[in-house]
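Taking it in order: structure first as structure tokens, then the write-up.
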Amino acid sequence: MENNLTGNAWKFGNNIDTDIIMPSQYLSWPLEESYRLAFEPLRKGFADLVTPGDVIVAGSNFGSGSSREQAAQAIFRMGIRAVIANSYARIFYRNALNIGLYAIECPEAEAIIEEGNRVKIDLDRGVLLNLSTAREASFGPFPQNLRKIMEAGGLVEYMKKRNHQEAR
Amino acid sequence: MAMTLSEKVLARAAGKDEVTPGEIVQTEIDWIMTNDATTHVSIDIFEQKLLKQEIKHPERVIWVVDHNIPAESVETANVHRKQRIFAGKHGFNSHVGEGICHQLLVEKYVLPGQVVIGADSHTCSHGALGAFATGVGSTDLVGAIREGSLWFMVPATLKFHLTGKLREGVTTKDLILTIIGDISANGANYRAMEFSGPAVSTLSFESRLALCNLVVEAGGKNAIMEADEKVVGYLRRNRPQGATGVVLQGDQGAAYEKFFHYDLSQIAPVVACPHAVDNVSPIIAVEGREIDQVFVGSCSNGRIEDLRILGRILKGNRVHSRVRLAVSPASTRVFLQALEEGLISTFLEAGAMVLNPNCSTCWGGCQAVVGDGERLLSTGTRNFKGRSGSALAEVFLGSVYSAGAAALAGKIVNPINYLGL
């Protein structure tokens, strides 16, 4: 597992719902086309601004609303590797971890990270470091079962690995 | 140890004597449901990523096309086709255009004591049957169809003690919106919301479904209510085999994270104002706002009980000239019942558009969407920005009484005064 992630921060507010992240009318589209329209009701053209490795920093209840996994997939596809939020709606949280997108719960992040700051996430130590300001915040570890899923790269990879081990 | 109702259902499905909040359990899943909003994503994951493409219990899988039906585009038609082919290949229960997934699950599948997952957030509705039901995403769905089980963290329970009786013109939609407004959009995040108390017996089974349907809008993992004789009676009447499931009760002395008390006689008509379901206001505070479209339908309020209320309001009246009223019965069965009772004629004579059973305006992906600057009053589930069409439209959520009254008045009105209830 990669133990550190480093990227530039994009900031969002509270209650960013999945209809904003991936509007209903694009759900039938192939992800290769739809991800470019992610966040359209709030921030048109967002995907074009993202550089691979960037992170999203948001307020509370990120990913609320619909269960659509396309929301997490679109964020991952545009190159975002981690979302750091005060809290998550639970379905989005599961979806993110299931596809290998880190969803980090850290209520202090909003206060110490501004848009454009460079952020380093130390997954082993549970520390967020704002490289632009040298400010730090810590976050709790993932539960053991989720860690195994994340280490495998998501739920499907985890199931494959387990089936493979069972077969041997 | 004493357990709550949600804990008892999960313990039973996990084959354990007891479970406690925070514990992670692997549970058998009785019903695994998905619909056309996201099923193609699950199919891609299954076919492109899994090496061992087996389905453990195809008879437990329910594949519904309800969101974009009839297809509004070639892309959607192709997605439906892919879904039908996959369902046929694996022998799933498949329903195309027969109604909204949650209504079909109530009419045909879910029983008390079962564990249900759906790749749809409003799967929490089925808690009204005393089942543990929750929404998941596409990857969890693939895991569940592959293995027949899934992990859950046992949620702590928030107990809502309900007393009193709703007055005429006020519904469980007003009640649940009031609760969501009070506890906020993440007030029940990761938690079970249990509704109990003497008022429950005064609520119809259908109105309990509407109550449980919206708990996800407070972040709730599941809703749950003990199945009583009303639920069992519904099952006896509606299920050919007469199965009534395993009716479980919470234990005396079970630990709840928090208690809330609501006196139903004090609940007044409310609306959720744009653009959040917890932005709840008494309807009298927004009276007079002009309305361009009214929608009655969805997994929240598209059942026969809702259509009967709308029928009583519209009978002998005309919809306001400014308003487009769209009505979508929640299923074919509901539609047929409404036809038999003359309700469809009443709607059409009043100037309404009657649409096929589907998610319609509430989903905003295929029909009856609203334009820039328009205002919609919907009995649906969500009022997020852009949810029902334009991101520049305003969506208000309210009860079928509030919707029917607004359709006649052309503006938001207090249904109790306007309808003389």
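The way I read the labels, and the way they are meant: chains A, B, ... in the order of the structure tokens, residue 1 as the first residue of every chain, and ligand 1 as the first ligand shown, with later ones counted on from there.
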Using the chain letters and numbers from this document, which residues of stretch 220-384 of chain B does DSSP assign to alpha helix (DSSP H), as a PDB file with N, CA and C atoms, in the first residue's frame?
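File part.pdb, as written:
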```pdb
ATOM      1  N   GLU B 229     -49.982  -5.966  13.340  1.00  0.00           N
ATOM      2  CA  GLU B 229     -51.039  -6.669  12.577  1.00  0.00           C
ATOM      3  C   GLU B 229     -51.364  -5.967  11.260  1.00  0.00           C
ATOM      4  N   LYS B 230     -51.093  -4.628  11.203  1.00  0.00           N
ATOM      5  CA  LYS B 230     -51.349  -3.940   9.926  1.00  0.00           C
ATOM      6  C   LYS B 230     -50.387  -4.436   8.841  1.00  0.00           C
ATOM      7  N   VAL B 231     -49.139  -4.640   9.240  1.00  0.00           N
ATOM      8  CA  VAL B 231     -48.133  -5.118   8.281  1.00  0.00           C
ATOM      9  C   VAL B 231     -48.437  -6.571   7.897  1.00  0.00           C
ATOM     10  N   VAL B 232     -48.693  -7.368   8.895  1.00  0.00           N
ATOM     11  CA  VAL B 232     -48.989  -8.778   8.628  1.00  0.00           C
ATOM     12  C   VAL B 232     -50.254  -8.903   7.778  1.00  0.00           C
ATOM     13  N   GLY B 233     -51.265  -8.064   8.078  1.00  0.00           N
ATOM     14  CA  GLY B 233     -52.503  -8.068   7.288  1.00  0.00           C
ATOM     15  C   GLY B 233     -52.229  -7.714   5.828  1.00  0.00           C
ATOM     16  N   TYR B 234     -51.368  -6.712   5.618  1.00  0.00           N
ATOM     17  CA  TYR B 234     -51.002  -6.329   4.246  1.00  0.00           C
ATOM     18  C   TYR B 234     -50.364  -7.515   3.528  1.00  0.00           C
ATOM     19  N   LEU B 235     -49.470  -8.192   4.219  1.00  0.00           N
ATOM     20  CA  LEU B 235     -48.766  -9.321   3.587  1.00  0.00           C
ATOM     21  C   LEU B 235     -49.741 -10.449   3.260  1.00  0.00           C
ATOM     22  N   ARG B 236     -50.645 -10.730   4.180  1.00  0.00           N
ATOM     23  CA  ARG B 236     -51.616 -11.810   3.936  1.00  0.00           C
ATOM     24  C   ARG B 236     -52.475 -11.504   2.713  1.00  0.00           C
ATOM     25  N   ARG B 237     -52.828 -10.212   2.567  1.00  0.00           N
ATOM     26  CA  ARG B 237     -53.701  -9.836   1.443  1.00  0.00           C
ATOM     27  C   ARG B 237     -52.952  -9.787   0.125  1.00  0.00           C
ATOM     28  N   ASN B 238     -51.674  -9.432   0.183  1.00  0.00           N
ATOM     29  CA  ASN B 238     -50.969  -9.112  -1.063  1.00  0.00           C
ATOM     30  C   ASN B 238     -49.974 -10.137  -1.556  1.00  0.00           C
ATOM     31  N   SER B 298     -43.329   9.056  -6.825  1.00  0.00           N
ATOM     32  CA  SER B 298     -42.050   8.647  -6.242  1.00  0.00           C
ATOM     33  C   SER B 298     -42.206   7.544  -5.215  1.00  0.00           C
ATOM     34  N   CYS B 299     -41.047   7.006  -4.764  1.00  0.00           N
ATOM     35  CA  CYS B 299     -41.048   5.970  -3.731  1.00  0.00           C
ATOM     36  C   CYS B 299     -41.485   6.542  -2.397  1.00  0.00           C
ATOM     37  N   SER B 300     -41.508   7.863  -2.309  1.00  0.00           N
ATOM     38  CA  SER B 300     -41.932   8.510  -1.070  1.00  0.00           C
ATOM     39  C   SER B 300     -43.453   8.578  -0.991  1.00  0.00           C
ATOM     40  N   ASN B 301     -44.107   9.084  -2.019  1.00  0.00           N
ATOM     41  CA  ASN B 301     -45.557   9.303  -1.967  1.00  0.00           C
ATOM     42  C   ASN B 301     -46.254   9.053  -3.299  1.00  0.00           C
ATOM     43  N   ILE B 304     -51.242   4.137  -3.373  1.00  0.00           N
ATOM     44  CA  ILE B 304     -52.683   4.321  -3.586  1.00  0.00           C
ATOM     45  C   ILE B 304     -53.271   5.280  -2.553  1.00  0.00           C
ATOM     46  N   GLU B 305     -52.776   5.185  -1.318  1.00  0.00           N
ATOM     47  CA  GLU B 305     -53.267   6.096  -0.275  1.00  0.00           C
ATOM     48  C   GLU B 305     -53.028   7.564  -0.665  1.00  0.00           C
ATOM     49  N   ASP B 306     -51.854   7.834  -1.266  1.00  0.00           N
ATOM     50  CA  ASP B 306     -51.542   9.199  -1.709  1.00  0.00           C
ATOM     51  C   ASP B 306     -52.457   9.613  -2.854  1.00  0.00           C
ATOM     52  N   LEU B 307     -52.681   8.679  -3.785  1.00  0.00           N
ATOM     53  CA  LEU B 307     -53.520   9.015  -4.939  1.00  0.00           C
ATOM     54  C   LEU B 307     -54.970   9.238  -4.518  1.00  0.00           C
ATOM     55  N   ARG B 308     -55.399   8.512  -3.498  1.00  0.00           N
ATOM     56  CA  ARG B 308     -56.768   8.736  -2.985  1.00  0.00           C
ATOM     57  C   ARG B 308     -56.903  10.146  -2.403  1.00  0.00           C
ATOM     58  N   ILE B 309     -55.897  10.573  -1.674  1.00  0.00           N
ATOM     59  CA  ILE B 309     -55.940  11.936  -1.115  1.00  0.00           C
ATOM     60  C   ILE B 309     -55.971  12.953  -2.249  1.00  0.00           C
ATOM     61  N   LEU B 310     -55.105  12.754  -3.242  1.00  0.00           N
ATOM     62  CA  LEU B 310     -55.079  13.681  -4.379  1.00  0.00           C
ATOM     63  C   LEU B 310     -56.430  13.688  -5.093  1.00  0.00           C
ATOM     64  N   GLY B 311     -57.039  12.503  -5.224  1.00  0.00           N
ATOM     65  CA  GLY B 311     -58.340  12.396  -5.884  1.00  0.00           C
ATOM     66  C   GLY B 311     -59.403  13.208  -5.144  1.00  0.00           C
ATOM     67  N   ARG B 312     -59.389  13.129  -3.816  1.00  0.00           N
ATOM     68  CA  ARG B 312     -60.379  13.892  -3.031  1.00  0.00           C
ATOM     69  C   ARG B 312     -60.186  15.396  -3.228  1.00  0.00           C
ATOM     70  N   ILE B 313     -58.924  15.821  -3.349  1.00  0.00           N
ATOM     71  CA  ILE B 313     -58.636  17.251  -3.515  1.00  0.00           C
ATOM     72  C   ILE B 313     -59.037  17.732  -4.913  1.00  0.00           C
ATOM     73  N   LEU B 314     -58.760  16.912  -5.914  1.00  0.00           N
ATOM     74  CA  LEU B 314     -58.978  17.355  -7.306  1.00  0.00           C
ATOM     75  C   LEU B 314     -60.412  17.161  -7.776  1.00  0.00           C
ATOM     76  N   THR B 332     -47.463  -0.526 -11.349  1.00  0.00           N
ATOM     77  CA  THR B 332     -48.596  -0.935 -12.189  1.00  0.00           C
ATOM     78  C   THR B 332     -49.783  -1.318 -11.315  1.00  0.00           C
ATOM     79  N   ARG B 333     -49.485  -1.995 -10.204  1.00  0.00           N
ATOM     80  CA  ARG B 333     -50.569  -2.409  -9.317  1.00  0.00           C
ATOM     81  C   ARG B 333     -51.308  -1.192  -8.748  1.00  0.00           C
ATOM     82  N   VAL B 334     -50.531  -0.188  -8.363  1.00  0.00           N
ATOM     83  CA  VAL B 334     -51.131   1.050  -7.846  1.00  0.00           C
ATOM     84  C   VAL B 334     -51.931   1.739  -8.955  1.00  0.00           C
ATOM     85  N   PHE B 335     -51.374   1.770 -10.155  1.00  0.00           N
ATOM     86  CA  PHE B 335     -52.031   2.401 -11.300  1.00  0.00           C
ATOM     87  C   PHE B 335     -53.376   1.705 -11.565  1.00  0.00           C
ATOM     88  N   LEU B 336     -53.370   0.385 -11.593  1.00  0.00           N
ATOM     89  CA  LEU B 336     -54.611  -0.371 -11.860  1.00  0.00           C
ATOM     90  C   LEU B 336     -55.654  -0.112 -10.775  1.00  0.00           C
ATOM     91  N   GLN B 337     -55.196  -0.069  -9.538  1.00  0.00           N
ATOM     92  CA  GLN B 337     -56.112   0.203  -8.433  1.00  0.00           C
ATOM     93  C   GLN B 337     -56.725   1.605  -8.582  1.00  0.00           C
ATOM     94  N   ALA B 338     -55.888   2.558  -8.963  1.00  0.00           N
ATOM     95  CA  ALA B 338     -56.358   3.936  -9.144  1.00  0.00           C
ATOM     96  C   ALA B 338     -57.360   4.024 -10.294  1.00  0.00           C
ATOM     97  N   LEU B 339     -57.096   3.231 -11.337  1.00  0.00           N
ATOM     98  CA  LEU B 339     -58.043   3.181 -12.464  1.00  0.00           C
ATOM     99  C   LEU B 339     -59.393   2.647 -11.995  1.00  0.00           C
ATOM    100  N   GLU B 340     -59.314   1.558 -11.237  1.00  0.00           N
ATOM    101  CA  GLU B 340     -60.528   0.900 -10.769  1.00  0.00           C
ATOM    102  C   GLU B 340     -61.358   1.835  -9.880  1.00  0.00           C
ATOM    103  N   LEU B 343     -59.846   7.160  -9.937  1.00  0.00           N
ATOM    104  CA  LEU B 343     -58.949   8.275  -9.596  1.00  0.00           C
ATOM    105  C   LEU B 343     -58.254   8.843 -10.826  1.00  0.00           C
ATOM    106  N   ILE B 344     -57.899   7.958 -11.750  1.00  0.00           N
ATOM    107  CA  ILE B 344     -57.188   8.428 -12.956  1.00  0.00           C
ATOM    108  C   ILE B 344     -58.094   9.377 -13.745  1.00  0.00           C
ATOM    109  N   SER B 345     -59.371   9.033 -13.855  1.00  0.00           N
ATOM    110  CA  SER B 345     -60.319   9.929 -14.537  1.00  0.00           C
ATOM    111  C   SER B 345     -60.377  11.278 -13.822  1.00  0.00           C
ATOM    112  N   THR B 346     -60.436  11.234 -12.506  1.00  0.00           N
ATOM    113  CA  THR B 346     -60.471  12.487 -11.729  1.00  0.00           C
ATOM    114  C   THR B 346     -59.255  13.350 -12.029  1.00  0.00           C
ATOM    115  N   PHE B 347     -58.079  12.709 -12.068  1.00  0.00           N
ATOM    116  CA  PHE B 347     -56.841  13.466 -12.331  1.00  0.00           C
ATOM    117  C   PHE B 347     -56.890  14.085 -13.727  1.00  0.00           C
ATOM    118  N   LEU B 348     -57.265  13.276 -14.705  1.00  0.00           N
ATOM    119  CA  LEU B 348     -57.264  13.759 -16.085  1.00  0.00           C
ATOM    120  C   LEU B 348     -58.305  14.856 -16.271  1.00  0.00           C
ATOM    121  N   GLU B 349     -59.475  14.677 -15.674  1.00  0.00           N
ATOM    122  CA  GLU B 349     -60.528  15.691 -15.806  1.00  0.00           C
ATOM    123  C   GLU B 349     -60.120  17.011 -15.149  1.00  0.00           C
ATOM    124  N   ALA B 350     -59.276  16.905 -14.137  1.00  0.00           N
ATOM    125  CA  ALA B 350     -58.816  18.123 -13.458  1.00  0.00           C
ATOM    126  C   ALA B 350     -57.685  18.809 -14.222  1.00  0.00           C
ATOM    127  N   SER B 360     -39.524   9.401 -12.428  1.00  0.00           N
ATOM    128  CA  SER B 360     -40.064  10.642 -12.973  1.00  0.00           C
ATOM    129  C   SER B 360     -39.373  11.915 -12.476  1.00  0.00           C
ATOM    130  N   THR B 361     -40.170  12.916 -12.139  1.00  0.00           N
ATOM    131  CA  THR B 361     -39.650  14.235 -11.754  1.00  0.00           C
ATOM    132  C   THR B 361     -38.685  14.167 -10.574  1.00  0.00           C
ATOM    133  N   CYS B 362     -38.936  13.253  -9.657  1.00  0.00           N
ATOM    134  CA  CYS B 362     -38.117  13.176  -8.442  1.00  0.00           C
ATOM    135  C   CYS B 362     -36.671  12.827  -8.768  1.00  0.00           C
ATOM    136  N   TRP B 363     -36.508  12.216  -9.913  1.00  0.00           N
ATOM    137  CA  TRP B 363     -35.174  11.777 -10.325  1.00  0.00           C
ATOM    138  C   TRP B 363     -34.593  12.750 -11.341  1.00  0.00           C
TER     139      TRP B 363
END
```
What are the closest atom pairs, with distances in Å to one decimal, for each residue of chain A lying within 7 Å of chain B, using only C-alpha atoms, rows by chain and rising residue number, as CSV?
```
residue,atom,partner,partner_atom,distance
A:Asp19,CA,B:Arg387,CA,6.5
A:Ser24,CA,B:Gly365,CA,5.3
A:Gln25,CA,B:Gly365,CA,4.6
A:Leu27,CA,B:Ala37,CA,6.4
A:Ser28,CA,B:Thr76,CA,5.9
A:Trp29,CA,B:Glu75,CA,6.9
A:Pro41,CA,B:Ala391,CA,6.0
A:Asn61,CA,B:Asn186,CA,6.1
A:Gly65,CA,B:Glu217,CA,6.6
A:Ser66,CA,B:Ser121,CA,5.3
A:Ser67,CA,B:Ser121,CA,4.9
A:Arg68,CA,B:Gly137,CA,6.1
A:Glu69,CA,B:Gly137,CA,5.1
A:Ala89,CA,B:Gly219,CA,6.0
A:Arg90,CA,B:Tyr190,CA,6.0
A:Ile91,CA,B:Val136,CA,5.6
A:Asn95,CA,B:Gly137,CA,5.6
A:Asn98,CA,B:Thr139,CA,6.3
A:Leu155,CA,B:Thr139,CA,7.0
A:Val156,CA,B:Leu50,CA,7.0
A:Lys160,CA,B:Leu50,CA,6.9
```
Selected residues, N, CA and C atoms, written as a PDB file, in the first residue's frame, please.
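Listing of out.pdb after writing:
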```
ATOM      1  N   ASP A  19     -25.950  14.311  -6.225  1.00  0.00           N
ATOM      2  CA  ASP A  19     -26.567  14.910  -7.417  1.00  0.00           C
ATOM      3  C   ASP A  19     -25.690  16.034  -7.960  1.00  0.00           C
ATOM      4  N   SER A  24     -28.012  13.357 -12.295  1.00  0.00           N
ATOM      5  CA  SER A  24     -28.774  12.189 -12.771  1.00  0.00           C
ATOM      6  C   SER A  24     -28.700  11.983 -14.281  1.00  0.00           C
ATOM      7  N   GLN A  25     -28.773  13.091 -15.012  1.00  0.00           N
ATOM      8  CA  GLN A  25     -28.877  12.938 -16.476  1.00  0.00           C
ATOM      9  C   GLN A  25     -27.617  12.358 -17.110  1.00  0.00           C
ATOM     10  N   LEU A  27     -25.883   9.728 -15.623  1.00  0.00           N
ATOM     11  CA  LEU A  27     -25.565   8.430 -15.017  1.00  0.00           C
ATOM     12  C   LEU A  27     -25.513   7.283 -16.023  1.00  0.00           C
ATOM     13  N   SER A  28     -26.251   7.415 -17.119  1.00  0.00           N
ATOM     14  CA  SER A  28     -26.221   6.345 -18.128  1.00  0.00           C
ATOM     15  C   SER A  28     -24.989   6.454 -19.022  1.00  0.00           C
ATOM     16  N   TRP A  29     -24.310   7.602 -18.964  1.00  0.00           N
ATOM     17  CA  TRP A  29     -23.174   7.809 -19.867  1.00  0.00           C
ATOM     18  C   TRP A  29     -21.984   6.977 -19.408  1.00  0.00           C
ATOM     19  N   PRO A  41     -23.324  21.297 -11.416  1.00  0.00           N
ATOM     20  CA  PRO A  41     -24.230  22.322 -10.866  1.00  0.00           C
ATOM     21  C   PRO A  41     -23.516  23.337  -9.979  1.00  0.00           C
ATOM     22  N   ASN A  61     -20.776  15.879   5.978  1.00  0.00           N
ATOM     23  CA  ASN A  61     -21.780  15.144   5.196  1.00  0.00           C
ATOM     24  C   ASN A  61     -21.447  15.104   3.702  1.00  0.00           C
ATOM     25  N   GLY A  65     -27.022  11.893   0.006  1.00  0.00           N
ATOM     26  CA  GLY A  65     -28.031  11.674  -1.025  1.00  0.00           C
ATOM     27  C   GLY A  65     -27.940  10.310  -1.652  1.00  0.00           C
ATOM     28  N   SER A  66     -28.048  10.296  -2.953  1.00  0.00           N
ATOM     29  CA  SER A  66     -28.167   9.069  -3.738  1.00  0.00           C
ATOM     30  C   SER A  66     -26.982   8.127  -3.550  1.00  0.00           C
ATOM     31  N   SER A  67     -27.245   6.826  -3.764  1.00  0.00           N
ATOM     32  CA  SER A  67     -26.202   5.812  -3.593  1.00  0.00           C
ATOM     33  C   SER A  67     -25.268   5.709  -4.787  1.00  0.00           C
ATOM     34  N   ARG A  68     -25.519   6.477  -5.836  1.00  0.00           N
ATOM     35  CA  ARG A  68     -24.789   6.341  -7.103  1.00  0.00           C
ATOM     36  C   ARG A  68     -23.267   6.291  -6.913  1.00  0.00           C
ATOM     37  N   GLU A  69     -22.702   5.140  -7.249  1.00  0.00           N
ATOM     38  CA  GLU A  69     -21.249   4.971  -7.110  1.00  0.00           C
ATOM     39  C   GLU A  69     -20.493   5.794  -8.152  1.00  0.00           C
ATOM     40  N   ALA A  89     -21.520  11.013   4.243  1.00  0.00           N
ATOM     41  CA  ALA A  89     -22.722  10.195   4.224  1.00  0.00           C
ATOM     42  C   ALA A  89     -22.229   8.759   4.036  1.00  0.00           C
ATOM     43  N   ARG A  90     -22.858   7.833   4.737  1.00  0.00           N
ATOM     44  CA  ARG A  90     -22.257   6.498   4.859  1.00  0.00           C
ATOM     45  C   ARG A  90     -22.172   5.730   3.541  1.00  0.00           C
ATOM     46  N   ILE A  91     -23.128   5.907   2.637  1.00  0.00           N
ATOM     47  CA  ILE A  91     -23.057   5.123   1.390  1.00  0.00           C
ATOM     48  C   ILE A  91     -21.867   5.599   0.553  1.00  0.00           C
ATOM     49  N   ASN A  95     -18.687   3.428  -0.761  1.00  0.00           N
ATOM     50  CA  ASN A  95     -18.392   3.410  -2.194  1.00  0.00           C
ATOM     51  C   ASN A  95     -16.954   3.837  -2.466  1.00  0.00           C
ATOM     52  N   ASN A  98     -14.524   1.227  -1.376  1.00  0.00           N
ATOM     53  CA  ASN A  98     -14.695   0.042  -2.229  1.00  0.00           C
ATOM     54  C   ASN A  98     -13.999   0.172  -3.577  1.00  0.00           C
ATOM     55  N   LEU A 155     -12.767  -3.293  -2.938  1.00  0.00           N
ATOM     56  CA  LEU A 155     -13.458  -4.525  -2.556  1.00  0.00           C
ATOM     57  C   LEU A 155     -13.293  -5.647  -3.585  1.00  0.00           C
ATOM     58  N   VAL A 156     -13.356  -5.289  -4.875  1.00  0.00           N
ATOM     59  CA  VAL A 156     -13.261  -6.327  -5.906  1.00  0.00           C
ATOM     60  C   VAL A 156     -11.876  -6.979  -5.866  1.00  0.00           C
ATOM     61  N   LYS A 160     -10.987 -10.863  -5.015  1.00  0.00           N
ATOM     62  CA  LYS A 160     -10.142 -11.665  -5.917  1.00  0.00           C
ATOM     63  C   LYS A 160      -8.993 -12.298  -5.155  1.00  0.00           C
TER      64      LYS A 160
END
```
To test your reading of the structure, identify every residue in stretch 195-231 of chain B that backbone DSSP assigns to strand (DSSP E or B), and report it as a PDB file with N, CA and C atoms, in the first residue's frame.
```
ATOM      1  N   PHE B 195     -38.728   3.895  14.922  1.00  0.00           N
ATOM      2  CA  PHE B 195     -39.965   4.609  15.234  1.00  0.00           C
ATOM      3  C   PHE B 195     -40.870   3.675  16.023  1.00  0.00           C
ATOM      4  N   SER B 196     -41.265   4.113  17.201  1.00  0.00           N
ATOM      5  CA  SER B 196     -42.115   3.272  18.026  1.00  0.00           C
ATOM      6  C   SER B 196     -43.001   4.156  18.891  1.00  0.00           C
ATOM      7  N   ASN B 222     -30.527   2.975   8.413  1.00  0.00           N
ATOM      8  CA  ASN B 222     -31.783   2.261   8.191  1.00  0.00           C
ATOM      9  C   ASN B 222     -32.852   2.859   9.085  1.00  0.00           C
ATOM     10  N   ALA B 223     -34.088   2.626   8.679  1.00  0.00           N
ATOM     11  CA  ALA B 223     -35.241   2.922   9.534  1.00  0.00           C
ATOM     12  C   ALA B 223     -35.743   1.580  10.017  1.00  0.00           C
ATOM     13  N   ILE B 224     -36.413   1.565  11.155  1.00  0.00           N
ATOM     14  CA  ILE B 224     -37.019   0.292  11.533  1.00  0.00           C
ATOM     15  C   ILE B 224     -38.227   0.517  12.434  1.00  0.00           C
TER      16      ILE B 224
END
```
So that I can check the surroundings of stretch 241-250 of chain B, please list as a count of residues only every protein, DNA and RNA residue that reaches within 9 Å of it, counting only C-alpha atoms and ignoring chain neighbours fewer than 2 positions away. 31
Restricting to only C-alpha atoms, whichever of A:Gly116, A:Ser138, A:Ala74, A:Gly63 is closest to A:Ala103 is A:Gly63
So which residues touch B:Ala268 within 9 Å, counting only C-alpha atoms, skipping near sequence neighbours fewer than 5 positions away, as an MDAnalysis selection string? chainID B and resid 166:167 169:171 174:175 178 282:283
